[in-house]
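Structure file work.cif (mmCIF, C-alpha atoms) is printed below.
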```cif
data_coords
loop_
_atom_site.group_PDB
_atom_site.id
_atom_site.type_symbol
_atom_site.label_atom_id
_atom_site.label_comp_id
_atom_site.auth_asym_id
_atom_site.auth_seq_id
_atom_site.Cartn_x
_atom_site.Cartn_y
_atom_site.Cartn_z
ATOM 1 C CA MET A 615 -16.288 -47.350 10.776
ATOM 2 C CA PHE A 616 -14.439 -50.020 12.608
ATOM 3 C CA VAL A 617 -11.725 -49.396 15.131
ATOM 4 C CA ILE A 618 -8.292 -50.746 14.437
ATOM 5 C CA GLN A 619 -7.211 -53.198 17.077
ATOM 6 C CA PRO A 620 -4.207 -52.163 19.117
ATOM 7 C CA GLN A 621 -1.235 -53.830 17.523
ATOM 8 C CA THR A 622 0.733 -55.743 20.067
ATOM 9 C CA VAL A 623 3.337 -57.326 17.857
ATOM 10 C CA TYR A 624 5.380 -54.252 17.233
ATOM 11 C CA LEU A 625 4.869 -52.384 20.446
ATOM 12 C CA GLN A 626 7.495 -53.291 22.978
ATOM 13 C CA PRO A 627 7.103 -52.730 26.699
ATOM 14 C CA VAL A 628 8.202 -49.304 27.833
ATOM 15 C CA ALA A 629 11.127 -49.046 30.187
ATOM 16 C CA GLU A 630 10.687 -46.568 33.034
ATOM 17 C CA ASN A 631 11.593 -43.038 32.048
ATOM 18 C CA LYS A 632 12.893 -44.185 28.731
ATOM 19 C CA LYS A 633 12.242 -41.664 25.982
ATOM 20 C CA TYR A 634 12.660 -42.506 22.368
ATOM 21 C CA VAL A 635 14.029 -40.106 19.844
ATOM 22 C CA CYS A 636 12.794 -39.608 16.365
ATOM 23 C CA ASP A 637 14.877 -38.663 13.367
ATOM 24 C CA PRO A 638 12.875 -38.413 10.149
ATOM 25 C CA LEU A 639 16.000 -37.885 8.094
ATOM 26 C CA LEU A 640 17.015 -41.469 8.786
ATOM 27 C CA TRP A 641 13.627 -43.055 8.150
ATOM 28 C CA VAL A 642 14.155 -43.958 4.535
ATOM 29 C CA ASP A 643 17.546 -45.544 5.184
ATOM 30 C CA GLN A 644 16.461 -47.398 8.255
ATOM 31 C CA PHE A 645 12.953 -48.549 7.576
ATOM 32 C CA SER A 646 11.945 -48.272 3.947
ATOM 33 C CA ASP A 647 12.992 -51.767 2.826
ATOM 34 C CA GLU A 648 11.394 -53.529 5.753
ATOM 35 C CA PHE A 649 8.205 -51.495 5.462
ATOM 36 C CA PHE A 650 8.125 -52.160 1.755
ATOM 37 C CA ARG A 651 8.318 -55.922 2.254
ATOM 38 C CA PHE A 652 5.663 -55.732 4.941
ATOM 39 C CA ALA A 653 3.376 -53.884 2.553
ATOM 40 C CA VAL A 654 4.105 -55.769 -0.644
ATOM 41 C CA TYR A 655 3.131 -59.138 0.858
ATOM 42 C CA ARG A 656 -0.148 -57.707 1.925
ATOM 43 C CA VAL A 657 -1.226 -55.667 -1.062
ATOM 44 C CA LYS A 658 0.567 -57.885 -3.605
ATOM 45 C CA ASN A 659 1.499 -54.976 -5.790
ATOM 46 C CA ARG A 660 4.903 -53.278 -5.865
ATOM 47 C CA GLU A 661 3.748 -49.840 -6.899
ATOM 48 C CA VAL A 662 0.964 -49.705 -4.368
ATOM 49 C CA ALA A 663 3.385 -50.870 -1.675
ATOM 50 C CA GLU A 664 5.926 -48.195 -2.631
ATOM 51 C CA ASP A 665 3.279 -45.526 -2.407
ATOM 52 C CA LEU A 666 2.094 -46.802 0.953
ATOM 53 C CA VAL A 667 5.633 -46.540 2.331
ATOM 54 C CA GLN A 668 5.957 -42.997 1.084
ATOM 55 C CA GLU A 669 2.555 -42.031 2.477
ATOM 56 C CA THR A 670 3.516 -43.562 5.802
ATOM 57 C CA PHE A 671 6.581 -41.375 6.142
ATOM 58 C CA LEU A 672 4.726 -38.257 5.038
ATOM 59 C CA SER A 673 1.855 -38.923 7.442
ATOM 60 C CA GLY A 674 4.433 -39.518 10.138
ATOM 61 C CA LEU A 675 5.961 -36.120 9.492
ATOM 62 C CA LYS A 676 2.585 -34.477 9.508
ATOM 63 C CA SER A 677 1.677 -35.940 12.858
ATOM 64 C CA LEU A 678 5.091 -35.739 14.443
ATOM 65 C CA ASN A 679 3.463 -34.012 17.411
ATOM 66 C CA ASN A 680 1.544 -37.188 18.155
ATOM 67 C CA PHE A 681 4.732 -39.136 18.586
ATOM 68 C CA ARG A 682 4.824 -39.453 22.338
ATOM 69 C CA ARG A 683 8.313 -40.885 22.681
ATOM 70 C CA ASP A 684 7.079 -43.746 24.802
ATOM 71 C CA CYS A 685 7.727 -46.324 22.116
ATOM 72 C CA PRO A 686 10.350 -46.590 19.376
ATOM 73 C CA GLU A 687 9.579 -44.515 16.314
ATOM 74 C CA LYS A 688 9.616 -47.701 14.267
ATOM 75 C CA SER A 689 6.616 -49.133 16.145
ATOM 76 C CA TRP A 690 4.813 -45.879 15.784
ATOM 77 C CA LEU A 691 5.482 -45.783 12.051
ATOM 78 C CA TYR A 692 4.463 -49.430 11.704
ATOM 79 C CA ASN A 693 1.077 -48.560 13.105
ATOM 80 C CA ILE A 694 0.671 -45.797 10.569
ATOM 81 C CA LEU A 695 1.614 -48.225 7.807
ATOM 82 C CA ARG A 696 -0.879 -50.797 9.035
ATOM 83 C CA ASN A 697 -3.638 -48.210 8.967
ATOM 84 C CA LYS A 698 -2.651 -47.237 5.442
ATOM 85 C CA ILE A 699 -2.864 -50.868 4.369
ATOM 86 C CA ILE A 700 -6.294 -51.318 5.959
ATOM 87 C CA ASP A 701 -7.457 -48.132 4.226
ATOM 88 C CA HIS A 702 -6.197 -49.560 0.975
ATOM 89 C CA PHE A 703 -8.162 -52.794 1.440
ATOM 90 C CA ARG A 704 -11.212 -50.810 2.419
ATOM 91 C CA LYS A 705 -11.143 -48.635 -0.693
ATOM 92 C CA LYS A 706 -10.602 -51.670 -2.859
ATOM 93 C CA THR A 707 -13.458 -53.502 -1.175
ATOM 94 C CA ASN A 708 -15.999 -50.737 -1.568
ATOM 95 C CA HIS A 709 -15.098 -50.474 -5.182
ATOM 96 C CA GLU A 710 -15.455 -54.162 -5.929
ATOM 97 C CA ILE A 711 -18.195 -55.197 -3.617
ATOM 98 C CA LYS A 712 -20.984 -54.583 -6.089
ATOM 99 C CA GLN A 713 -19.469 -56.753 -8.760
ATOM 100 C CA SER A 714 -18.793 -59.664 -6.474
ATOM 101 C CA SER A 715 -22.217 -59.870 -4.897
ATOM 102 C CA THR A 716 -23.039 -62.973 -6.912
ATOM 103 C CA VAL A 717 -20.339 -64.934 -5.120
ATOM 104 C CA ILE A 718 -21.945 -64.477 -1.764
ATOM 105 C CA GLU A 719 -25.401 -65.769 -2.412
ATOM 106 C CA ALA A 720 -26.296 -67.971 0.497
ATOM 107 C CA ASP A 721 -26.155 -71.339 -1.199
ATOM 108 C CA ASP A 722 -24.990 -72.276 -4.615
ATOM 109 C CA ASP A 723 -25.696 -75.900 -5.468
ATOM 110 C CA SER A 724 -23.510 -75.938 -8.531
ATOM 111 C CA PHE A 725 -20.453 -74.941 -6.502
ATOM 112 C CA PHE A 726 -20.985 -77.596 -3.872
ATOM 113 C CA SER A 727 -21.833 -80.301 -6.415
ATOM 114 C CA ASN A 728 -18.170 -80.121 -7.474
ATOM 115 C CA PHE A 729 -17.284 -81.487 -4.085
ATOM 116 C CA PHE A 730 -20.262 -83.368 -2.681
ATOM 117 C CA LYS A 731 -22.915 -85.821 -3.811
ATOM 118 C CA PRO A 732 -26.517 -84.685 -3.391
ATOM 119 C CA GLY A 733 -26.647 -86.633 -0.103
ATOM 120 C CA GLY A 734 -23.730 -84.587 1.293
ATOM 121 C CA GLN A 735 -20.961 -87.207 1.021
ATOM 122 C CA TRP A 736 -17.720 -86.465 -0.802
ATOM 123 C CA ASN A 737 -17.533 -87.004 -4.530
ATOM 124 C CA ASN A 738 -14.924 -89.686 -5.115
ATOM 125 C CA GLU A 739 -12.669 -87.462 -7.196
ATOM 126 C CA ALA A 740 -12.890 -84.512 -4.780
ATOM 127 C CA SER A 741 -12.347 -86.364 -1.538
ATOM 128 C CA PRO A 742 -9.141 -85.390 0.307
ATOM 129 C CA GLU A 743 -6.080 -87.563 -0.058
ATOM 130 C CA ASN A 744 -3.567 -88.097 2.668
ATOM 131 C CA TRP A 745 -0.926 -85.354 2.365
ATOM 132 C CA ASN A 746 1.295 -87.315 4.647
ATOM 133 C CA ILE A 747 2.791 -84.280 6.288
ATOM 134 C CA SER A 748 2.558 -82.634 9.686
ATOM 135 C CA ALA A 749 1.657 -79.052 10.435
ATOM 136 C CA ASP A 750 5.062 -78.007 11.739
ATOM 137 C CA LYS A 751 7.187 -79.815 9.171
ATOM 138 C CA ILE A 752 5.377 -78.264 6.280
ATOM 139 C CA LEU A 753 6.592 -74.804 7.172
ATOM 140 C CA GLU A 754 10.097 -75.746 6.204
ATOM 141 C CA ARG A 755 8.873 -76.370 2.733
ATOM 142 C CA LYS A 756 9.234 -73.224 0.797
ATOM 143 C CA GLU A 757 7.652 -74.859 -2.191
ATOM 144 C CA PHE A 758 4.438 -75.524 -0.320
ATOM 145 C CA MET A 759 4.230 -71.847 0.588
ATOM 146 C CA GLU A 760 4.567 -70.841 -3.024
ATOM 147 C CA PHE A 761 1.640 -73.036 -3.979
ATOM 148 C CA LEU A 762 -0.321 -71.793 -1.025
ATOM 149 C CA ILE A 763 0.065 -68.193 -2.147
ATOM 150 C CA LEU A 764 -0.730 -69.188 -5.702
ATOM 151 C CA CYS A 765 -3.939 -70.943 -4.632
ATOM 152 C CA LEU A 766 -4.871 -68.003 -2.443
ATOM 153 C CA SER A 767 -4.522 -65.682 -5.383
ATOM 154 C CA LEU A 768 -6.763 -67.920 -7.489
ATOM 155 C CA LEU A 769 -9.684 -67.474 -5.103
ATOM 156 C CA PRO A 770 -12.409 -65.020 -6.057
ATOM 157 C CA GLU A 771 -11.528 -61.524 -4.767
ATOM 158 C CA MET A 772 -14.144 -61.542 -2.080
ATOM 159 C CA TRP A 773 -12.951 -64.812 -0.574
ATOM 160 C CA GLU A 774 -9.349 -63.723 -0.660
ATOM 161 C CA LYS A 775 -10.340 -60.536 1.120
ATOM 162 C CA VAL A 776 -11.926 -62.486 3.933
ATOM 163 C CA PHE A 777 -8.656 -64.357 4.365
ATOM 164 C CA ASN A 778 -6.704 -61.123 4.288
ATOM 165 C CA LEU A 779 -8.799 -59.456 6.934
ATOM 166 C CA LYS A 780 -8.725 -62.541 9.107
ATOM 167 C CA THR A 781 -5.138 -63.695 8.822
ATOM 168 C CA ILE A 782 -3.368 -60.432 8.097
ATOM 169 C CA GLU A 783 -5.276 -57.917 10.112
ATOM 170 C CA ASP A 784 -6.607 -60.479 12.547
ATOM 171 C CA LEU A 785 -9.944 -58.710 12.698
ATOM 172 C CA PRO A 786 -12.783 -60.233 14.714
ATOM 173 C CA SER A 787 -15.506 -61.768 12.558
ATOM 174 C CA LYS A 788 -18.033 -59.056 13.303
ATOM 175 C CA ASP A 789 -15.610 -56.405 12.040
ATOM 176 C CA ILE A 790 -14.970 -58.417 8.883
ATOM 177 C CA CYS A 791 -18.717 -58.500 8.243
ATOM 178 C CA LYS A 792 -18.967 -54.770 8.810
ATOM 179 C CA GLU A 793 -15.962 -54.090 6.622
ATOM 180 C CA LEU A 794 -17.239 -56.185 3.712
ATOM 181 C CA ASN A 795 -20.867 -55.389 4.300
ATOM 182 C CA ILE A 796 -21.980 -59.010 4.534
ATOM 183 C CA THR A 797 -23.981 -61.014 7.063
ATOM 184 C CA PRO A 798 -22.315 -63.565 9.366
ATOM 185 C CA SER A 799 -23.924 -66.418 7.466
ATOM 186 C CA ASN A 800 -22.480 -65.026 4.208
ATOM 187 C CA LEU A 801 -19.113 -64.961 5.913
ATOM 188 C CA TRP A 802 -19.317 -68.600 7.045
ATOM 189 C CA THR A 803 -20.378 -69.710 3.586
ATOM 190 C CA ILE A 804 -17.493 -67.823 1.990
ATOM 191 C CA ILE A 805 -15.025 -69.385 4.391
ATOM 192 C CA HIS A 806 -16.396 -72.863 3.775
ATOM 193 C CA ARG A 807 -16.127 -72.470 0.026
ATOM 194 C CA ALA A 808 -12.725 -70.850 0.154
ATOM 195 C CA LYS A 809 -11.366 -73.675 2.279
ATOM 196 C CA LEU A 810 -12.771 -76.328 -0.044
ATOM 197 C CA GLN A 811 -11.310 -74.561 -3.028
ATOM 198 C CA MET A 812 -7.918 -73.859 -1.484
ATOM 199 C CA ARG A 813 -7.496 -77.426 -0.319
ATOM 200 C CA GLY A 814 -8.488 -78.834 -3.690
ATOM 201 C CA CYS A 815 -6.167 -76.412 -5.453
ATOM 202 C CA LEU A 816 -3.215 -77.396 -3.256
ATOM 203 C CA GLU A 817 -3.862 -81.065 -3.764
ATOM 204 C CA LYS A 818 -4.106 -80.695 -7.500
ATOM 205 C CA ARG A 819 -1.163 -78.376 -8.023
ATOM 206 C CA TRP A 820 1.219 -79.123 -5.227
ATOM 207 C CA LEU A 821 0.654 -82.753 -4.210
ATOM 208 C CA ASN A 822 -0.119 -84.255 -7.596
ATOM 209 C CA LYS A 823 2.174 -82.145 -9.673
ATOM 210 C CA MET B 226 -25.175 -87.592 12.084
ATOM 211 C CA LEU B 227 -23.511 -84.837 10.060
ATOM 212 C CA THR B 228 -22.980 -85.173 6.339
ATOM 213 C CA CYS B 229 -19.487 -84.542 4.953
ATOM 214 C CA LYS B 230 -20.710 -81.229 3.592
ATOM 215 C CA GLN B 231 -21.833 -80.115 7.055
ATOM 216 C CA ALA B 232 -18.714 -81.488 8.733
ATOM 217 C CA THR B 233 -16.404 -79.566 6.374
ATOM 218 C CA PHE B 234 -18.472 -76.464 7.095
ATOM 219 C CA TYR B 235 -17.884 -76.734 10.836
ATOM 220 C CA SER B 236 -14.255 -77.609 10.300
ATOM 221 C CA SER B 237 -13.760 -74.595 8.024
ATOM 222 C CA ILE B 238 -15.315 -71.988 10.272
ATOM 223 C CA ARG B 239 -13.826 -73.349 13.475
ATOM 224 C CA SER B 240 -10.848 -71.009 13.393
ATOM 225 C CA PHE B 241 -13.147 -68.014 12.948
ATOM 226 C CA LYS B 242 -15.923 -68.860 15.334
ATOM 227 C CA LYS B 243 -16.325 -70.989 18.405
ATOM 228 C CA LEU B 244 -18.642 -73.900 17.670
ATOM 229 C CA SER B 245 -21.461 -74.683 20.043
ATOM 230 C CA PHE B 246 -21.014 -77.653 22.347
ATOM 231 C CA VAL B 247 -23.352 -79.813 20.284
ATOM 232 C CA GLN B 248 -21.702 -78.788 17.023
ATOM 233 C CA SER B 249 -18.224 -79.634 18.228
ATOM 234 C CA ILE B 250 -19.350 -83.048 19.527
ATOM 235 C CA GLN B 251 -21.057 -83.744 16.205
ATOM 236 C CA LEU B 252 -17.911 -82.728 14.348
ATOM 237 C CA LYS B 253 -15.662 -84.837 16.578
ATOM 238 C CA LEU B 254 -17.831 -87.894 16.032
ATOM 239 C CA HIS B 255 -17.875 -87.403 12.300
ATOM 240 C CA LEU B 256 -14.107 -86.895 12.101
ATOM 241 C CA MET B 257 -13.570 -90.113 14.031
ATOM 242 C CA MET B 258 -15.556 -92.069 11.537
ATOM 243 C CA CYS B 259 -14.816 -90.350 8.237
ATOM 244 C CA LYS B 260 -11.297 -90.583 6.877
ATOM 245 C CA SER B 261 -11.800 -87.972 4.145
ATOM 246 C CA CYS B 262 -13.139 -85.341 6.534
ATOM 247 C CA HIS B 263 -10.414 -86.172 9.009
ATOM 248 C CA GLU B 264 -7.872 -85.355 6.292
ATOM 249 C CA PHE B 265 -9.787 -82.237 5.375
ATOM 250 C CA ASP B 266 -9.712 -81.032 8.970
ATOM 251 C CA HIS B 267 -6.001 -81.717 9.292
ATOM 252 C CA GLN B 268 -5.175 -79.947 6.032
ATOM 253 C CA ASN B 269 -7.346 -77.048 7.051
ATOM 254 C CA LYS B 270 -5.163 -76.524 10.093
ATOM 255 C CA ILE B 271 -2.037 -76.692 7.953
ATOM 256 C CA ILE B 272 -3.428 -74.045 5.623
ATOM 257 C CA ASP B 273 -4.444 -71.700 8.453
ATOM 258 C CA GLN B 274 -1.193 -72.071 10.284
ATOM 259 C CA SER B 275 0.951 -71.673 7.177
ATOM 260 C CA LEU B 276 -0.848 -68.508 6.138
ATOM 261 C CA THR B 277 -0.498 -66.980 9.571
ATOM 262 C CA ASP B 278 3.178 -67.865 9.788
ATOM 263 C CA PHE B 279 3.796 -66.639 6.293
ATOM 264 C CA ILE B 280 2.271 -63.265 7.012
ATOM 265 C CA LYS B 281 4.018 -62.884 10.351
ATOM 266 C CA ASN B 282 7.502 -63.875 9.286
ATOM 267 C CA ASP B 283 8.026 -63.678 5.641
ATOM 268 C CA HIS B 284 8.430 -59.950 5.259
ATOM 269 C CA LEU B 285 11.361 -60.100 7.660
ATOM 270 C CA ILE B 286 13.350 -62.665 5.732
ATOM 271 C CA SER B 287 12.504 -61.796 2.180
ATOM 272 C CA GLU B 288 15.140 -60.328 -0.074
ATOM 273 C CA GLU B 289 12.882 -57.871 -1.796
ATOM 274 C CA SER B 290 13.636 -54.221 -1.440
ATOM 275 C CA LEU B 291 12.559 -50.860 -2.723
ATOM 276 C CA SER B 292 14.131 -49.665 -5.933
ATOM 277 C CA GLU B 293 16.872 -47.067 -5.433
ATOM 278 C CA GLU B 294 14.940 -44.719 -7.632
ATOM 279 C CA LYS B 295 11.835 -44.877 -5.479
ATOM 280 C CA LYS B 296 13.931 -44.602 -2.357
ATOM 281 C CA SER B 297 15.515 -41.337 -3.402
ATOM 282 C CA GLN B 298 12.126 -40.107 -4.524
ATOM 283 C CA ILE B 299 10.704 -40.790 -1.074
ATOM 284 C CA GLU B 300 13.770 -39.272 0.534
ATOM 285 C CA SER B 301 13.392 -36.010 -1.327
ATOM 286 C CA ALA B 302 9.655 -35.937 -0.573
ATOM 287 C CA VAL B 303 10.478 -36.322 3.123
ATOM 288 C CA LYS B 304 13.157 -33.616 2.997
ATOM 289 C CA GLN B 305 10.866 -31.266 1.156
ATOM 290 C CA ARG B 306 8.192 -31.735 3.801
ATOM 291 C CA ILE B 307 10.705 -31.129 6.597
ATOM 292 C CA ASN B 308 11.991 -27.929 5.012
ATOM 293 C CA LYS B 309 8.491 -26.593 4.668
ATOM 294 C CA LYS B 310 8.055 -26.638 8.428
#
```

Can you turn what I pasted into structure tokens?
Amino acid sequence: MFVIQPQTVYLQPVAENKKYVCDPLLWVDQFSDEFFRFAVYRVKNREVAEDLVQETFLSGLKSLNNFRRDCPEKSWLYNILRNKIIDHFRKKTNHEIKQSSTVIEADDDSFFSNFFKPGGQWNNEASPENWNISADKILERKEFMEFLILCLSLLPEMWEKVFNLKTIEDLPSKDICKELNITPSNLWTIIHRAKLQMRGCLEKRWLNK
Amino acid sequence: MLTCKQATFYSSIRSFKKLSFVQSIQLKLHLMMCKSCHEFDHQNKIIDQSLTDFIKNDHLISEESLSEEKKSQIESAVKQRINKK
């Protein structure tokens, strides 16, 4: 079992003597839409996200005694939701891990031959073009984001999961390995392949559309 | 001298794992000399940064919301649980 990292984003500093109140009757009105959006972008499924929001509120009620009033109830509930989402990924992973074991074999020449010549140089048709864009400007481009999410979703499950655990949950690499039951060298290979694939996908679909 | 395959490997895992001193020098040298890998490295950063920003911000600005039906369903589940206490 891995330990969930303390979430700093949603926990605000505590003012001296300040006690927060908690009113479960207002939860749905106040938080459900925001929590839903938070969840739906992560699990990419409306129904699952809806259920996670409901479970979050119910778990919150169940453990109301653990609410220590030293942070806003929203932060406390956010943490519950995050744990629910990680649980969801974990269940999904255990279920799928057996089927995807072929993707994580240490080296697969046929995959890499799509990108590189036998000597390790780029294939002409796969070599990166100049995107002619800077890292901060690109964020204004909503269209780019849409293609990014599309290309992410086209990755094999296992690779996408690595990205999820890294960028969404910000887990350290050793926890990702533990979570997915893979060795560090499997992890590096998956990341290498996923990056090659993502970049190629973006160039093909977004740049050269 | 690294091959492009090795250089893209180091470039890809760099945001997950600190490279050794020798590895990062080798990568730097290669990126200076190889235009394609230089692009790859740059685009890699764009992808990483965009994904992180997307995850951090997008749920706050998106228009999506729960269906009213589901909302009232959750609301009654919450009320039911409260009344049980």

Can you list every residue of chain B that has an atom at most 8 Å from chain A, with its nearest atom pair and the distance in Å to one decimal, using all atoms listed in the file, ordered by chain then number, as CSV?
```
residue,atom,partner,partner_atom,distance
B:Thr228,CA,A:Gly734,CA,5.1
B:Cys229,CA,A:Gln735,CA,5.0
B:Lys230,CA,A:Gly734,CA,5.1
B:Gln231,CA,A:Gly734,CA,7.5
B:Thr233,CA,A:His806,CA,7.2
B:Phe234,CA,A:His806,CA,5.3
B:Ser237,CA,A:His806,CA,5.3
B:Ile238,CA,A:Trp802,CA,6.2
B:Phe241,CA,A:Ser787,CA,6.7
B:Lys242,CA,A:Ser787,CA,7.6
B:Ser261,CA,A:Pro742,CA,5.3
B:Cys262,CA,A:Pro742,CA,7.4
B:Glu264,CA,A:Pro742,CA,6.1
B:Phe265,CA,A:Pro742,CA,6.0
B:Gln268,CA,A:Arg813,CA,7.2
B:Asn269,CA,A:Lys809,CA,7.1
B:Lys270,CA,A:Ala749,CA,7.3
B:Ile271,CA,A:Ala749,CA,5.0
B:Ile272,CA,A:Leu762,CA,7.7
B:Gln274,CA,A:Ala749,CA,7.5
B:Ser275,CA,A:Leu753,CA,6.5
B:Leu276,CA,A:Thr781,CA,7.0
B:Thr277,CA,A:Thr781,CA,5.7
B:Phe279,CA,A:Met759,CA,7.7
B:Ile280,CA,A:Ile782,CA,6.4
B:His284,CA,A:Arg651,CA,5.0
B:Leu285,CA,A:Glu648,CA,6.8
B:Ser287,CA,A:Arg651,CA,7.2
B:Glu289,CA,A:Arg651,CA,6.4
B:Ser290,CA,A:Asp647,CA,5.0
B:Leu291,CA,A:Asp647,CA,5.6
B:Lys295,CA,A:Glu664,CA,7.4
B:Lys296,CA,A:Val642,CA,6.9
B:Ile299,CA,A:Gln668,CA,5.7
B:Glu300,CA,A:Val642,CA,6.2
B:Ala302,CA,A:Leu672,CA,7.8
B:Val303,CA,A:Leu672,CA,6.4
B:Lys304,CA,A:Leu639,CA,7.2
B:Arg306,CA,A:Leu672,CA,7.5
B:Ile307,CA,A:Leu675,CA,7.5
```

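With distances restricted to all atoms listed in the file, B:Ser236 is the closest residue to His263 (chain B) from B:Ser236, B:Ser292, B:Gln251, B:Ser245.
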
re CA of Trp773 (chain A) and CA of Leu794 (chain A): distance 10.5 Å

Please compute the CA of Thr670 (chain A)-CA of Leu695 (chain A) distance, one decimal, in Å.
5.4 Å

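Non-sequential neighbours of Ala232 (chain B) (distance at most 8 Å, separation of 6 or more positions within a chain, all atoms listed in the file) are Leu252, His255, Leu256 and Cys262 of chain B.
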
CA of Gln298 (chain B) and CA of Ser677 (chain A), how far apart in Å?
20.7 Å

Check the smallest atom-to-atom distance from each of B:Asp266, B:Lys260, B:Ser297, B:Leu254 to Arg239 (chain B) using all atoms listed in the file, then report the winner.
B:Asp266

For region 293-307 of chain B, take all atoms listed in the file, fit an axis-aligned box around them, add 8 Å to each of the six sides, then output centre and edge lengths in Å rounded to one decimal, as lines of an AutoDock Vina configuration file.
```
center_x = 12.5
center_y = -39.1
center_z = -0.5
size_x = 24.7
size_y = 31.9
size_z = 30.2
```

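For the choices A:Cys765, A:Pro798, A:Cys791, A:Leu779, the atom-to-atom distance to Cys815 (chain A) is smallest for A:Cys765 when using only C-alpha atoms.
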